[in-house]
$ cat structure.tsv   # TSV, C-alpha atoms and all ligand atoms
chain	number	residue	atom	x	y	z
A	60	MET	CA	-23.25	15.07	-7.90
A	61	MET	CA	-21.41	14.64	-4.60
A	62	ARG	CA	-19.93	17.89	-3.30
A	63	LEU	CA	-17.01	18.49	-0.98
A	64	PRO	CA	-17.89	19.71	2.53
A	65	HIS	CA	-16.62	23.16	3.58
A	66	PHE	CA	-13.06	23.32	4.91
A	67	THR	CA	-10.22	25.79	5.45
A	68	PHE	CA	-7.19	25.24	3.19
A	69	HIS	CA	-3.52	26.02	3.85
A	70	SER	CA	-0.71	25.60	1.38
A	71	PRO	CA	2.66	25.69	3.21
A	72	GLN	CA	5.95	25.75	1.29
A	73	THR	CA	8.23	24.07	3.83
A	74	VAL	CA	7.96	21.09	6.17
A	75	ARG	CA	8.50	23.46	9.09
A	76	GLN	CA	5.51	25.59	8.08
A	77	ALA	CA	3.43	22.46	7.50
A	78	VAL	CA	4.13	20.91	10.93
A	79	GLU	CA	3.44	24.24	12.66
A	80	LEU	CA	0.12	24.60	10.83
A	81	LEU	CA	-0.75	20.99	11.70
A	82	ALA	CA	0.02	21.57	15.39
A	83	GLU	CA	-2.03	24.80	15.44
A	84	ALA	CA	-5.03	23.38	13.58
A	85	GLY	CA	-5.44	20.46	16.02
A	86	ALA	CA	-7.83	17.53	15.82
A	87	GLY	CA	-9.95	18.66	12.85
A	88	ALA	CA	-7.00	18.96	10.45
A	89	MET	CA	-5.80	16.52	7.81
A	90	LEU	CA	-2.95	16.52	5.31
A	91	VAL	CA	-3.68	16.30	1.62
A	92	ALA	CA	-1.01	15.38	-0.96
A	93	GLY	CA	-2.38	14.31	-4.36
A	94	GLY	CA	-5.90	14.19	-2.93
A	95	THR	CA	-6.80	11.13	-5.05
A	96	ASP	CA	-8.08	9.20	-2.05
A	97	LEU	CA	-8.92	11.85	0.52
A	98	LEU	CA	-11.08	14.08	-1.71
A	99	PRO	CA	-13.43	11.27	-2.87
A	100	ASN	CA	-13.65	10.14	0.78
A	101	MET	CA	-14.62	13.67	1.81
A	102	LYS	CA	-17.33	13.75	-0.88
A	103	ARG	CA	-18.75	10.54	0.60
A	104	ARG	CA	-18.45	12.09	4.11
A	105	GLN	CA	-16.21	9.23	5.22
A	106	GLN	CA	-13.65	11.80	6.32
A	107	VAL	CA	-14.72	15.37	7.15
A	108	PRO	CA	-11.69	17.46	8.15
A	109	THR	CA	-12.40	21.12	8.94
A	110	THR	CA	-8.86	22.10	7.85
A	111	LEU	CA	-6.77	20.71	5.01
A	112	ILE	CA	-3.03	21.27	4.84
A	113	GLY	CA	-1.82	20.79	1.27
A	114	LEU	CA	1.66	19.35	0.72
A	115	ARG	CA	2.01	19.84	-3.03
A	116	ARG	CA	4.02	23.07	-2.75
A	117	VAL	CA	6.51	21.63	-0.24
A	118	ALA	CA	9.48	21.19	-2.57
A	119	GLU	CA	11.68	19.36	-0.03
A	120	LEU	CA	9.24	16.41	-0.08
A	121	ARG	CA	9.53	15.93	-3.83
A	122	HIS	CA	13.04	14.49	-4.33
A	123	ILE	CA	14.55	11.07	-4.80
A	124	ALA	CA	18.13	11.14	-3.47
A	125	ASN	CA	20.95	8.64	-3.16
A	126	GLY	CA	21.78	7.53	0.40
A	127	THR	CA	19.81	7.42	3.63
A	128	PRO	CA	20.14	9.29	6.96
A	129	SER	CA	20.93	6.10	8.90
A	130	ALA	CA	24.65	5.53	9.55
A	131	ALA	CA	24.27	1.80	8.93
A	132	LEU	CA	22.68	2.38	5.54
A	133	ARG	CA	24.43	5.57	4.43
A	134	ALA	CA	26.81	3.77	2.09
A	135	GLY	CA	24.00	3.16	-0.39
A	136	GLY	CA	20.29	3.03	-0.77
A	137	LEU	CA	17.78	5.68	-1.72
A	138	THR	CA	15.67	8.27	0.05
A	139	ILE	CA	12.31	8.99	-1.56
A	140	GLY	CA	10.40	12.12	-0.45
A	141	SER	CA	6.80	11.44	0.55
A	142	GLY	CA	5.59	13.97	-2.05
A	143	VAL	CA	7.16	12.06	-4.96
A	144	THR	CA	4.40	10.90	-7.27
A	145	LEU	CA	3.91	7.29	-8.27
A	146	THR	CA	4.65	8.23	-11.88
A	147	GLU	CA	7.98	9.74	-10.80
A	148	ILE	CA	8.83	6.47	-9.02
A	149	VAL	CA	8.00	4.45	-12.13
A	150	ARG	CA	10.22	6.71	-14.26
A	151	HIS	CA	13.21	6.82	-11.92
A	152	PRO	CA	16.23	4.99	-13.41
A	153	GLY	CA	17.43	3.76	-9.98
A	154	LEU	CA	14.17	1.88	-9.45
A	155	ARG	CA	13.96	0.18	-12.82
A	156	VAL	CA	12.41	-3.23	-12.84
A	157	HIS	CA	15.05	-5.31	-14.60
A	158	ASN	CA	18.83	-5.47	-14.46
A	159	GLY	CA	18.91	-7.44	-17.71
A	160	GLY	CA	17.28	-10.80	-18.50
A	161	HIS	CA	14.00	-11.82	-16.85
A	162	ALA	CA	15.22	-11.66	-13.23
A	163	PRO	CA	13.92	-8.54	-11.47
A	164	GLY	CA	16.21	-5.91	-9.92
A	165	PRO	CA	16.51	-5.19	-6.17
A	166	TYR	CA	13.82	-2.49	-6.05
A	167	ALA	CA	11.53	-4.06	-8.67
A	168	ALA	CA	8.79	-4.78	-6.07
A	169	LEU	CA	8.33	-1.04	-5.51
A	170	TRP	CA	8.30	-0.37	-9.26
A	171	GLN	CA	5.75	-3.16	-9.86
A	172	ALA	CA	3.54	-1.93	-7.02
A	173	ALA	CA	3.67	1.73	-8.09
A	174	VAL	CA	2.95	1.02	-11.75
A	175	GLN	CA	-0.13	-1.02	-10.83
A	176	VAL	CA	-1.77	1.63	-8.60
A	177	ALA	CA	-5.00	2.99	-10.10
A	178	THR	CA	-4.64	4.69	-13.53
A	179	PRO	CA	-1.98	6.91	-15.19
A	180	HIS	CA	-3.91	10.08	-14.22
A	181	LEU	CA	-4.17	9.02	-10.58
A	182	ARG	CA	-0.49	8.01	-10.52
A	183	ASN	CA	0.42	11.47	-11.86
A	184	MET	CA	-1.33	13.04	-8.85
A	185	GLY	CA	-1.00	10.33	-6.20
A	186	THR	CA	2.08	10.38	-3.98
A	187	LEU	CA	4.09	7.74	-2.15
A	188	GLY	CA	3.23	9.34	1.22
A	189	GLY	CA	-0.50	9.31	0.42
A	190	ASN	CA	-0.29	5.68	-0.69
A	191	LEU	CA	1.45	4.60	2.52
A	192	CYS	CA	-1.09	6.47	4.68
A	193	LEU	CA	-4.07	5.36	2.59
A	194	ASP	CA	-7.31	4.80	4.51
A	195	THR	CA	-8.36	1.16	4.98
A	196	ARG	CA	-11.21	-0.08	2.78
A	197	CYS	CA	-14.35	-2.19	3.25
A	198	ASN	CA	-17.49	-2.96	1.22
A	199	TYR	CA	-19.63	-1.57	4.07
A	200	TYR	CA	-17.62	1.67	4.30
A	201	ASP	CA	-16.70	2.59	0.71
A	202	GLN	CA	-20.21	3.81	-0.04
A	203	ASN	CA	-21.94	7.17	-0.09
A	204	TYR	CA	-23.51	8.66	3.03
A	205	GLU	CA	-27.08	7.54	2.22
A	206	TRP	CA	-26.00	3.92	1.59
A	207	ARG	CA	-24.12	3.79	4.87
A	208	LYS	CA	-27.03	5.44	6.72
A	209	ALA	CA	-29.41	2.78	5.33
A	210	ILE	CA	-27.48	0.06	7.22
A	211	ASP	CA	-27.18	2.27	10.34
A	212	PHE	CA	-23.52	2.95	9.46
A	213	CYS	CA	-20.59	0.79	10.60
A	214	MET	CA	-18.01	0.91	13.34
A	215	LYS	CA	-15.45	2.71	11.14
A	216	LYS	CA	-17.65	5.80	10.80
A	217	ASP	CA	-20.80	6.94	12.65
A	218	GLY	CA	-21.96	3.42	13.73
A	219	GLN	CA	-21.30	0.72	16.35
A	220	THR	CA	-21.23	-2.57	14.44
A	221	CYS	CA	-18.63	-4.23	12.25
A	222	TRP	CA	-20.88	-5.68	9.54
A	223	VAL	CA	-18.10	-7.98	8.32
A	224	ALA	CA	-18.18	-9.91	11.62
A	225	THR	CA	-20.92	-8.50	13.86
A	226	SER	CA	-19.27	-9.80	17.06
A	227	SER	CA	-15.88	-8.30	16.18
A	228	PRO	CA	-14.71	-5.80	18.83
A	229	LYS	CA	-12.56	-4.04	16.24
A	230	CYS	CA	-13.00	-2.74	12.71
A	231	LEU	CA	-11.89	-5.21	10.01
A	232	ALA	CA	-11.43	-2.77	7.12
A	233	VAL	CA	-8.56	-3.86	4.87
A	234	SER	CA	-5.17	-2.31	4.16
A	235	SER	CA	-5.29	-1.68	0.39
A	236	THR	CA	-2.05	0.14	-0.30
A	237	ASP	CA	0.05	-1.44	-3.03
A	238	THR	CA	3.39	0.12	-2.15
A	239	ALA	CA	3.44	-0.73	1.58
A	240	PRO	CA	3.85	-4.53	1.20
A	241	ALA	CA	6.47	-3.92	-1.50
A	242	LEU	CA	8.44	-1.49	0.66
A	243	LEU	CA	8.19	-3.76	3.69
A	244	SER	CA	9.70	-6.61	1.68
A	245	LEU	CA	12.60	-4.25	0.86
A	246	GLY	CA	13.22	-3.42	4.53
A	247	ALA	CA	12.26	0.25	4.18
A	248	SER	CA	12.26	2.77	7.02
A	249	ILE	CA	10.54	6.18	7.24
A	250	THR	CA	10.93	9.63	8.75
A	251	LEU	CA	8.04	11.34	10.55
A	252	ALA	CA	8.29	15.07	11.34
A	253	SER	CA	6.31	17.17	13.82
A	254	ALA	CA	6.75	20.55	15.52
A	255	ALA	CA	8.51	18.60	18.31
A	256	GLY	CA	11.17	17.12	15.99
A	257	ARG	CA	11.79	14.15	13.70
A	258	ARG	CA	11.85	10.41	14.31
A	259	ASP	CA	12.97	7.51	12.12
A	260	LEU	CA	11.33	4.10	12.38
A	261	PRO	CA	11.03	0.88	10.38
A	262	LEU	CA	8.06	1.13	8.01
A	263	ALA	CA	6.58	-2.00	9.66
A	264	GLU	CA	6.08	0.04	12.84
A	265	LEU	CA	3.82	2.51	11.02
A	266	TYR	CA	0.99	-0.05	10.78
A	267	ARG	CA	-1.50	-1.54	13.25
A	268	ASN	CA	-3.93	-4.39	12.58
A	269	ASP	CA	-6.97	-2.21	13.26
A	270	GLY	CA	-9.19	-0.87	10.47
A	271	ILE	CA	-9.81	2.45	12.24
A	272	HIS	CA	-6.50	3.18	13.97
A	273	TYR	CA	-4.41	1.60	11.22
A	274	LEU	CA	-1.43	3.97	11.59
A	275	THR	CA	0.83	4.64	14.57
A	276	ARG	CA	1.54	8.11	13.09
A	277	ARG	CA	0.50	10.81	15.58
A	278	PRO	CA	-2.05	13.33	14.20
A	279	ASP	CA	0.60	16.11	14.42
A	280	GLU	CA	3.15	14.18	12.33
A	281	ILE	CA	3.94	14.30	8.62
A	282	LEU	CA	5.52	11.37	6.81
A	283	THR	CA	8.41	13.14	5.09
A	284	ALA	CA	10.54	10.39	3.54
A	285	VAL	CA	10.98	6.69	2.85
A	286	HIS	CA	14.47	5.18	3.05
A	287	LEU	CA	15.51	2.11	1.09
A	288	PRO	CA	18.67	0.26	2.13
A	289	ARG	CA	21.31	-0.72	-0.38
A	290	LEU	CA	20.25	-4.16	-1.62
A	291	ASP	CA	23.25	-5.79	-3.30
A	292	GLY	CA	22.39	-9.34	-4.35
A	293	TRP	CA	18.65	-8.87	-3.79
A	294	ARG	CA	15.85	-9.41	-6.29
A	295	SER	CA	12.23	-8.49	-5.62
A	296	THR	CA	8.80	-8.50	-7.20
A	297	TYR	CA	5.14	-7.69	-6.51
A	298	TRP	CA	2.04	-9.53	-7.72
A	299	LYS	CA	-1.39	-7.94	-7.55
A	300	LEU	CA	-4.88	-9.42	-7.82
A	301	ARG	CA	-7.71	-7.08	-8.80
A	302	ARG	CA	-10.89	-7.28	-10.82
A	303	ARG	CA	-9.86	-4.99	-13.68
A	304	GLY	CA	-6.30	-4.97	-14.93
A	305	ALA	CA	-6.71	-1.35	-16.14
A	306	PHE	CA	-7.28	-0.04	-12.61
A	307	ASP	CA	-8.55	-1.27	-9.25
A	308	PHE	CA	-7.53	-1.53	-5.63
A	309	PRO	CA	-5.76	-4.80	-4.75
A	310	VAL	CA	-7.80	-7.65	-3.26
A	311	LEU	CA	-4.49	-9.44	-2.79
A	312	GLY	CA	-0.92	-8.20	-3.00
A	313	VAL	CA	2.14	-10.45	-2.73
A	314	ALA	CA	5.59	-8.89	-2.32
A	315	CYS	CA	8.69	-11.12	-2.30
A	316	ALA	CA	12.31	-10.05	-1.87
A	317	LEU	CA	15.20	-12.53	-1.80
A	318	LYS	CA	18.96	-12.20	-1.40
A	319	LEU	CA	20.83	-14.81	-3.47
A	320	ASP	CA	24.52	-15.61	-3.40
A	321	ALA	CA	26.60	-16.16	-6.54
A	322	SER	CA	25.56	-19.84	-6.72
A	323	GLY	CA	21.85	-18.97	-6.48
A	324	THR	CA	21.45	-20.07	-2.83
A	325	VAL	CA	18.93	-18.02	-0.83
A	326	GLU	CA	20.62	-16.03	1.95
A	327	ALA	CA	17.62	-13.98	3.09
A	328	ALA	CA	13.93	-13.81	2.15
A	329	ARG	CA	10.95	-11.59	2.95
A	330	VAL	CA	7.37	-12.33	1.88
A	331	VAL	CA	4.69	-9.73	2.68
A	332	LEU	CA	0.98	-9.93	1.85
A	333	GLY	CA	-1.30	-6.97	1.17
A	334	ALA	CA	-5.12	-6.71	1.35
A	335	VAL	CA	-5.57	-9.71	3.69
A	336	ALA	CA	-5.68	-7.80	7.00
A	337	SER	CA	-5.94	-4.23	8.30
A	338	ARG	CA	-2.18	-3.91	7.89
A	339	PRO	CA	0.34	-5.45	5.46
A	340	LEU	CA	1.06	-8.96	6.73
A	341	ALA	CA	4.70	-10.09	7.02
A	342	THR	CA	4.90	-13.90	6.76
A	343	ARG	CA	7.59	-16.48	7.61
A	344	ALA	CA	7.07	-18.15	4.23
A	345	GLY	CA	10.59	-17.32	3.10
A	346	ASP	CA	12.26	-19.05	6.08
A	347	SER	CA	12.08	-22.48	4.47
A	348	LEU	CA	14.03	-21.16	1.47
A	349	ILE	CA	17.13	-20.07	3.40
A	350	GLY	CA	20.19	-22.11	2.43
A	351	LYS	CA	18.43	-23.65	-0.57
A	352	CYS	CA	18.35	-22.99	-4.29
A	353	LEU	CA	15.01	-21.99	-5.82
A	354	THR	CA	14.02	-25.45	-6.99
A	355	ASP	CA	10.38	-26.21	-7.85
A	356	GLU	CA	10.08	-28.25	-4.62
A	357	ALA	CA	11.42	-25.42	-2.42
A	358	ILE	CA	9.07	-22.94	-4.11
A	359	THR	CA	6.03	-25.21	-3.64
A	360	GLU	CA	6.82	-25.63	0.06
A	361	ALA	CA	7.19	-21.87	0.66
A	362	ALA	CA	4.02	-21.08	-1.27
A	363	ALA	CA	1.97	-23.60	0.74
A	364	LYS	CA	3.26	-22.12	4.01
A	365	ALA	CA	2.21	-18.57	3.14
A	366	ALA	CA	-1.17	-19.67	1.79
A	367	SER	CA	-2.03	-21.38	5.08
A	368	ARG	CA	-1.25	-18.14	6.96
A	369	ALA	CA	-3.36	-15.85	4.76
A	370	LYS	CA	-6.96	-15.34	5.81
A	371	PRO	CA	-8.54	-12.83	3.42
A	372	LEU	CA	-11.60	-11.04	4.83
A	373	ASP	CA	-15.07	-11.17	3.30
A	374	ASN	CA	-15.33	-7.41	2.79
A	375	ALA	CA	-13.56	-6.82	-0.51
A	376	ASP	CA	-14.23	-7.67	-4.14
A	377	LEU	CA	-13.97	-11.30	-5.41
A	378	ASP	CA	-14.63	-14.56	-3.56
A	379	ILE	CA	-12.54	-15.03	-0.40
A	380	TYR	CA	-11.87	-18.75	-0.98
A	381	TRP	CA	-10.57	-18.04	-4.46
A	382	ARG	CA	-8.46	-15.12	-3.17
A	383	LYS	CA	-6.95	-17.42	-0.52
A	384	SER	CA	-6.09	-20.05	-3.12
A	385	VAL	CA	-4.36	-17.39	-5.25
A	386	VAL	CA	-1.94	-16.53	-2.39
A	387	GLY	CA	0.06	-19.74	-2.91
A	388	GLU	CA	-0.08	-19.43	-6.69
A	389	PHE	CA	1.20	-15.83	-6.59
A	390	ILE	CA	4.06	-16.72	-4.26
A	391	GLY	CA	4.98	-19.54	-6.62
A	392	TYR	CA	5.03	-17.21	-9.63
A	393	ALA	CA	6.88	-14.49	-7.69
A	394	LEU	CA	9.64	-16.89	-6.65
A	395	LYS	CA	9.91	-18.29	-10.18
A	396	GLU	CA	10.21	-14.72	-11.50
A	397	ILE	CA	12.99	-14.06	-8.99
A	398	ARG	CA	14.66	-17.28	-10.20
A	399	GLY	CA	14.69	-15.76	-13.69
A	400	ASP	CA	11.74	-17.57	-15.31
A	401	ASP	CA	9.60	-15.66	-17.83
A	402	VAL	CA	6.22	-15.31	-16.06
A	403	THR	CA	4.64	-12.74	-18.38
A	404	ALA	CA	1.93	-15.16	-19.54
A	405	ALA	CA	0.81	-15.84	-15.95
A	406	ARG	CA	0.59	-12.12	-15.16
A	407	VAL	CA	-1.56	-11.51	-18.21
A	408	ARG	CA	-3.74	-14.56	-17.48
A	409	TYR	CA	-4.51	-13.33	-13.95
A	410	ALA	CA	-5.35	-9.82	-15.12
A	411	ARG	CA	-7.93	-11.34	-17.50
A	412	HIS	CA	-9.18	-14.16	-15.27
A	413	ALA	CA	-10.23	-11.92	-12.39
A	414	LEU	CA	-12.73	-10.22	-14.68
A	415	ALA	CA	-14.58	-13.49	-15.13
A	416	ILE	CA	-15.20	-14.03	-11.41
A	417	PRO	CA	-18.67	-12.89	-10.24
A	418	ILE	CA	-18.81	-9.91	-7.87
A	419	HIS	CA	-19.13	-11.21	-4.33
A	420	ALA	CA	-22.43	-9.75	-3.11
A	421	VAL	CA	-22.46	-7.65	0.06
A	501	LIG	C1	-10.38	4.99	-8.83
A	501	LIG	C2	-9.25	4.85	-7.83
A	501	LIG	C3	-8.45	3.73	-7.89
A	501	LIG	C4	-7.42	3.56	-6.98
A	501	LIG	N1	-6.65	2.44	-7.04
A	501	LIG	C5	-5.64	2.25	-6.16
A	501	LIG	C6	-4.84	1.08	-6.22
A	501	LIG	O1	-5.00	0.24	-7.10
A	501	LIG	N2	-3.88	0.92	-5.27
A	501	LIG	C7	-3.66	1.83	-4.30
A	501	LIG	O2	-2.76	1.63	-3.47
A	501	LIG	N3	-4.39	2.98	-4.23
A	501	LIG	C8	-5.36	3.21	-5.14
A	501	LIG	N4	-6.11	4.37	-5.09
A	501	LIG	C9	-5.90	5.32	-4.00
A	501	LIG	C10	-4.95	6.50	-4.32
A	501	LIG	O3	-5.12	6.99	-5.62
A	501	LIG	C11	-3.48	6.13	-4.12
A	501	LIG	O4	-3.33	5.35	-2.96
A	501	LIG	C12	-2.58	7.37	-4.02
A	501	LIG	O5	-1.23	6.97	-3.98
A	501	LIG	C13	-2.85	8.21	-2.79
A	501	LIG	O6	-1.93	9.29	-2.76
A	501	LIG	P1	-2.40	10.80	-2.64
A	501	LIG	O7	-1.17	11.63	-2.62
A	501	LIG	O8	-3.42	11.14	-3.65
A	501	LIG	O9	-3.07	10.73	-1.18
A	501	LIG	P2	-4.16	11.71	-0.54
A	501	LIG	O10	-5.50	11.38	-1.05
A	501	LIG	O11	-3.71	13.14	-0.63
A	501	LIG	O12	-4.04	11.26	0.99
A	501	LIG	C14	-4.35	9.95	1.40
A	501	LIG	C15	-4.17	9.85	2.92
A	501	LIG	O13	-2.80	10.00	3.26
A	501	LIG	C16	-2.62	11.10	4.15
A	501	LIG	N5	-1.34	11.71	3.76
A	501	LIG	C17	-0.98	12.12	2.52
A	501	LIG	N6	0.31	12.52	2.51
A	501	LIG	C18	0.76	12.37	3.78
A	501	LIG	C19	2.01	12.60	4.42
A	501	LIG	N7	3.08	13.08	3.76
A	501	LIG	N8	2.11	12.35	5.75
A	501	LIG	C20	1.06	11.84	6.44
A	501	LIG	N9	-0.14	11.60	5.89
A	501	LIG	C21	-0.28	11.85	4.58
A	501	LIG	C22	-3.83	11.99	3.95
A	501	LIG	O14	-4.11	12.77	5.11
A	501	LIG	C23	-4.91	10.94	3.68
A	501	LIG	O15	-5.34	10.39	4.91
A	501	LIG	C24	-7.15	4.57	-6.01
A	501	LIG	C25	-7.96	5.71	-5.98
A	501	LIG	C26	-9.00	5.86	-6.89
A	501	LIG	C27	-9.83	7.10	-6.83

$ encode --input "structure.tsv" --output "structure tokens"
Amino acid sequence: MMRLPHFTFHSPQTVRQAVELLAEAGAGAMLVAGGTDLLPNMKRRQQVPTTLIGLRRVAELRHIANGTPSAALRAGGLTIGSGVTLTEIVRHPGLRVHNGGHAPGPYAALWQAAVQVATPHLRNMGTLGGNLCLDTRCNYYDQNYEWRKAIDFCMKKDGQTCWVATSSPKCLAVSSTDTAPALLSLGASITLASAAGRRDLPLAELYRNDGIHYLTRRPDEILTAVHLPRLDGWRSTYWKLRRRGAFDFPVLGVACALKLDASGTVEAARVVLGAVASRPLATRAGDSLIGKCLTDEAITEAAAKAASRAKPLDNADLDIYWRKSVVGEFIGYALKEIRGDDVTAARVRYARHALAIPIHAV
């Protein structure tokens, strides 16, 4: 049985107390929300904080409210506290997946992403903040201490080499959060709080394409809230590839959000890929759709564009060439879903098909 290392635990009740504790505790401290990712990582000695600051008793992080703090967005939108659980997101009426018919609602990408994270138990514990700050993953890193020691460790922890590409100067561990690509497609922004004050920034600016330093969040900052703009006329969706439909990290995530006018012409489009780089990857695939209706030809063109941009890494489950080929197919299905087609059969087929693919050996 793997045991947790020793650590000091604090359980603040306000953001102010939490940021002060974080500032006092210094470099060895980490935040823990649901603990569904951090605690297993600590058991494997991937992360060994000497102090943990628990956020579960901080009530002000656990609300979903109408409106956002930004003047430009105040007229609508939603603010989701970082301590809101994934189950609470799935159950929230303002985030429901459909507005009637098959076409998805404006925030459906977030709903789809949240409902496909892990298992019901993990979604009951796991929070939005923890999901957005999730550690990057890699076949050479997500192992116990003895396994990693046997290969002389890797660059991400205790070693020098990136075993995915031995000449790589930087770690290639993969961003595996489901909700980040979805929220990026929705144009989300976030609030970070520290003892020095608060700052708001676009969610895209939270991420770096570096498997070790994958967040721009300073160690003394807490992610307190996610802000979603009002999205009149938008429809969105999220498609996820994983080995087991019941639970598994994504080996590919595709988030699409489109704004359509009354005639069905595309006014704006965002396509973001997950699990193909150390950060969620925003693509220009939607550009070719602007000013057009979602015809089969327009969808095929956009899907081909995004597929050529995606370069999955050979350090996650399932064959990389197959994962790359699925990018275009997923974008095609996502756009058809946004058009209003019934794509249930394709979703079910992918959940089953992935199981039949052999595990790609490390
Ligand atoms: C078997 C299994 C399957 C899983 N499958 C998936 C999956 O399919 N998709 C997926 O996305 N995830 C998956 N996960 C990972 C995890 O369960 C989720 O990502 C969950 O949402 C993490 O939230 P948490 O609150 O438990 O985070 P924690 O484990 O508490 O924290 C995760 C990280 O975020 C930091 N953090 C937490 N809250 C804050 C905050 N407010 N501000 C700043 N930093 C913060 C922590 O310091 C830590 O580094 C899986 C985990 C397991 C064990």

$ residues_around --input "structure.tsv" --residues "Ser244 (chain A)" --least-positions-apart "6" --cutoff "12 Å" --atoms "all atoms listed in the file" --output "PyMOL selection string"
chain A and resi 165-169+172+237-238+261-263+287-288+290+293-297+312-318+327-333+339-343+345

$ closest_residue --input "structure.tsv" --among "A:Arg75, A:Arg382, A:His65, A:Arg115" --to "Gly185 (chain A)" --atoms "only C-alpha atoms"
A:Arg115

$ residues_around --input "structure.tsv" --residues "region 80-94 of chain A" --least-positions-apart "4" --cutoff "7 Å" --atoms "all atoms listed in the file" --output "PyMOL selection string"
chain A and resi 76+98+108-115+142+184-186+189+254+279

$ atom_distance --input "structure.tsv" --atom1 "CA of Thr95 (chain A)" --atom2 "CA of Gly256 (chain A)"
28.3 Å

$ closest_residue --input "structure.tsv" --among "A:Arg103, A:Tyr380, A:Tyr266, A:Cys192" --to "Trp206 (chain A)" --atoms "only C-alpha atoms"
A:Arg103

$ residues_around --input "structure.tsv" --residues "Asp355 (chain A)" --least-positions-apart "4" --cutoff "12 Å" --atoms "all atoms listed in the file" --output "ChimeraX atom specification"
/A:348,351,359-362,390-392,394-395,398,400

$ atom_distance --input "structure.tsv" --atom1 "CA of Val78 (chain A)" --atom2 "atom C2 of ligand LIG 501 (chain A)"
28.1 Å

$ closest_residue --input "structure.tsv" --among "A:Lys208, A:Lys215, A:His161, A:Arg182" --to "ligand LIG 501 (chain A)" --atoms "all atoms listed in the file"
A:Arg182

$ residues_around --input "structure.tsv" --residues "Leu137 (chain A)" --least-positions-apart "5" --cutoff "8 Å" --atoms "all atoms listed in the file" --output "list in words"
Ile123, Ala124, Asn125, Gly126, Thr127, His286, Leu287, Pro288 and Arg289 of chain A

$ write_last_selection --input "structure.tsv" --atoms "C-alpha atoms" --output "mmCIF file, in the frame of the given file"
data_model
loop_
_atom_site.group_PDB
_atom_site.id
_atom_site.type_symbol
_atom_site.label_atom_id
_atom_site.label_comp_id
_atom_site.auth_asym_id
_atom_site.auth_seq_id
_atom_site.Cartn_x
_atom_site.Cartn_y
_atom_site.Cartn_z
ATOM 1 C CA ILE A 123 14.550 11.070 -4.800
ATOM 2 C CA ALA A 124 18.130 11.140 -3.470
ATOM 3 C CA ASN A 125 20.950 8.640 -3.160
ATOM 4 C CA GLY A 126 21.780 7.530 0.400
ATOM 5 C CA THR A 127 19.810 7.420 3.630
ATOM 6 C CA HIS A 286 14.470 5.180 3.050
ATOM 7 C CA LEU A 287 15.510 2.110 1.090
ATOM 8 C CA PRO A 288 18.670 0.260 2.130
ATOM 9 C CA ARG A 289 21.310 -0.720 -0.380
#

$ atom_distance --input "structure.tsv" --atom1 "CA of Ala405 (chain A)" --atom2 "CA of Gly387 (chain A)"
13.6 Å

$ closest_residue --input "structure.tsv" --among "A:Gln105, A:Phe308, A:Ile358, A:Ala393" --to "Glu205 (chain A)" --atoms "all atoms listed in the file"
A:Gln105

$ closest_residue --input "structure.tsv" --among "A:Asp307, A:Glu326, A:Asp346, A:Asp269" --to "Val176 (chain A)" --atoms "all atoms listed in the file"
A:Asp307

$ residues_around --input "structure.tsv" --residues "Arg267 (chain A)" --least-positions-apart "2" --cutoff "10 Å" --atoms "only C-alpha atoms" --output "number ranges by chain"
A: 234, 263-265, 269-275, 336-339

$ closest_residue --input "structure.tsv" --among "A:Leu191, A:Ala177, A:Ala284, A:Leu145" --to "ligand LIG 501 (chain A)" --atoms "all atoms listed in the file"
A:Ala177

$ axis_aligned_box --input "structure.tsv" --around "region 223-227 of chain A" --padding-each-side "5 Å" --output "JSON"
{"center_x": -18.4, "center_y": -8.9, "center_z": 12.7, "size_x": 15.0, "size_y": 11.9, "size_z": 18.7}

$ build_atoms --input "structure.tsv" --residues "region 198-205 of chain A" --atoms "N, CA and C atoms" --output "short mmCIF file (atom, residue, chain, number, x, y, z; two decimals), in the coordinates of the input"
data_model
loop_
_atom_site.label_atom_id
_atom_site.label_comp_id
_atom_site.auth_asym_id
_atom_site.auth_seq_id
_atom_site.Cartn_x
_atom_site.Cartn_y
_atom_site.Cartn_z
N ASN A 198 -16.25 -3.08 2.01
CA ASN A 198 -17.49 -2.96 1.22
C ASN A 198 -18.57 -2.19 1.96
N TYR A 199 -18.58 -2.24 3.29
CA TYR A 199 -19.63 -1.57 4.07
C TYR A 199 -19.31 -0.10 4.35
N TYR A 200 -18.10 0.32 4.00
CA TYR A 200 -17.62 1.67 4.30
C TYR A 200 -17.44 2.50 3.03
N ASP A 201 -16.97 1.85 1.95
CA ASP A 201 -16.70 2.59 0.71
C ASP A 201 -17.98 2.81 -0.08
N GLN A 202 -18.89 3.54 0.52
CA GLN A 202 -20.21 3.81 -0.04
C GLN A 202 -20.54 5.27 0.27
N ASN A 203 -21.58 5.78 -0.40
CA ASN A 203 -21.94 7.17 -0.09
C ASN A 203 -22.69 7.24 1.25
N TYR A 204 -22.92 8.46 1.69
CA TYR A 204 -23.51 8.66 3.03
C TYR A 204 -24.87 7.97 3.16
N GLU A 205 -25.72 8.11 2.14
CA GLU A 205 -27.08 7.54 2.22
C GLU A 205 -27.03 6.02 2.31
#
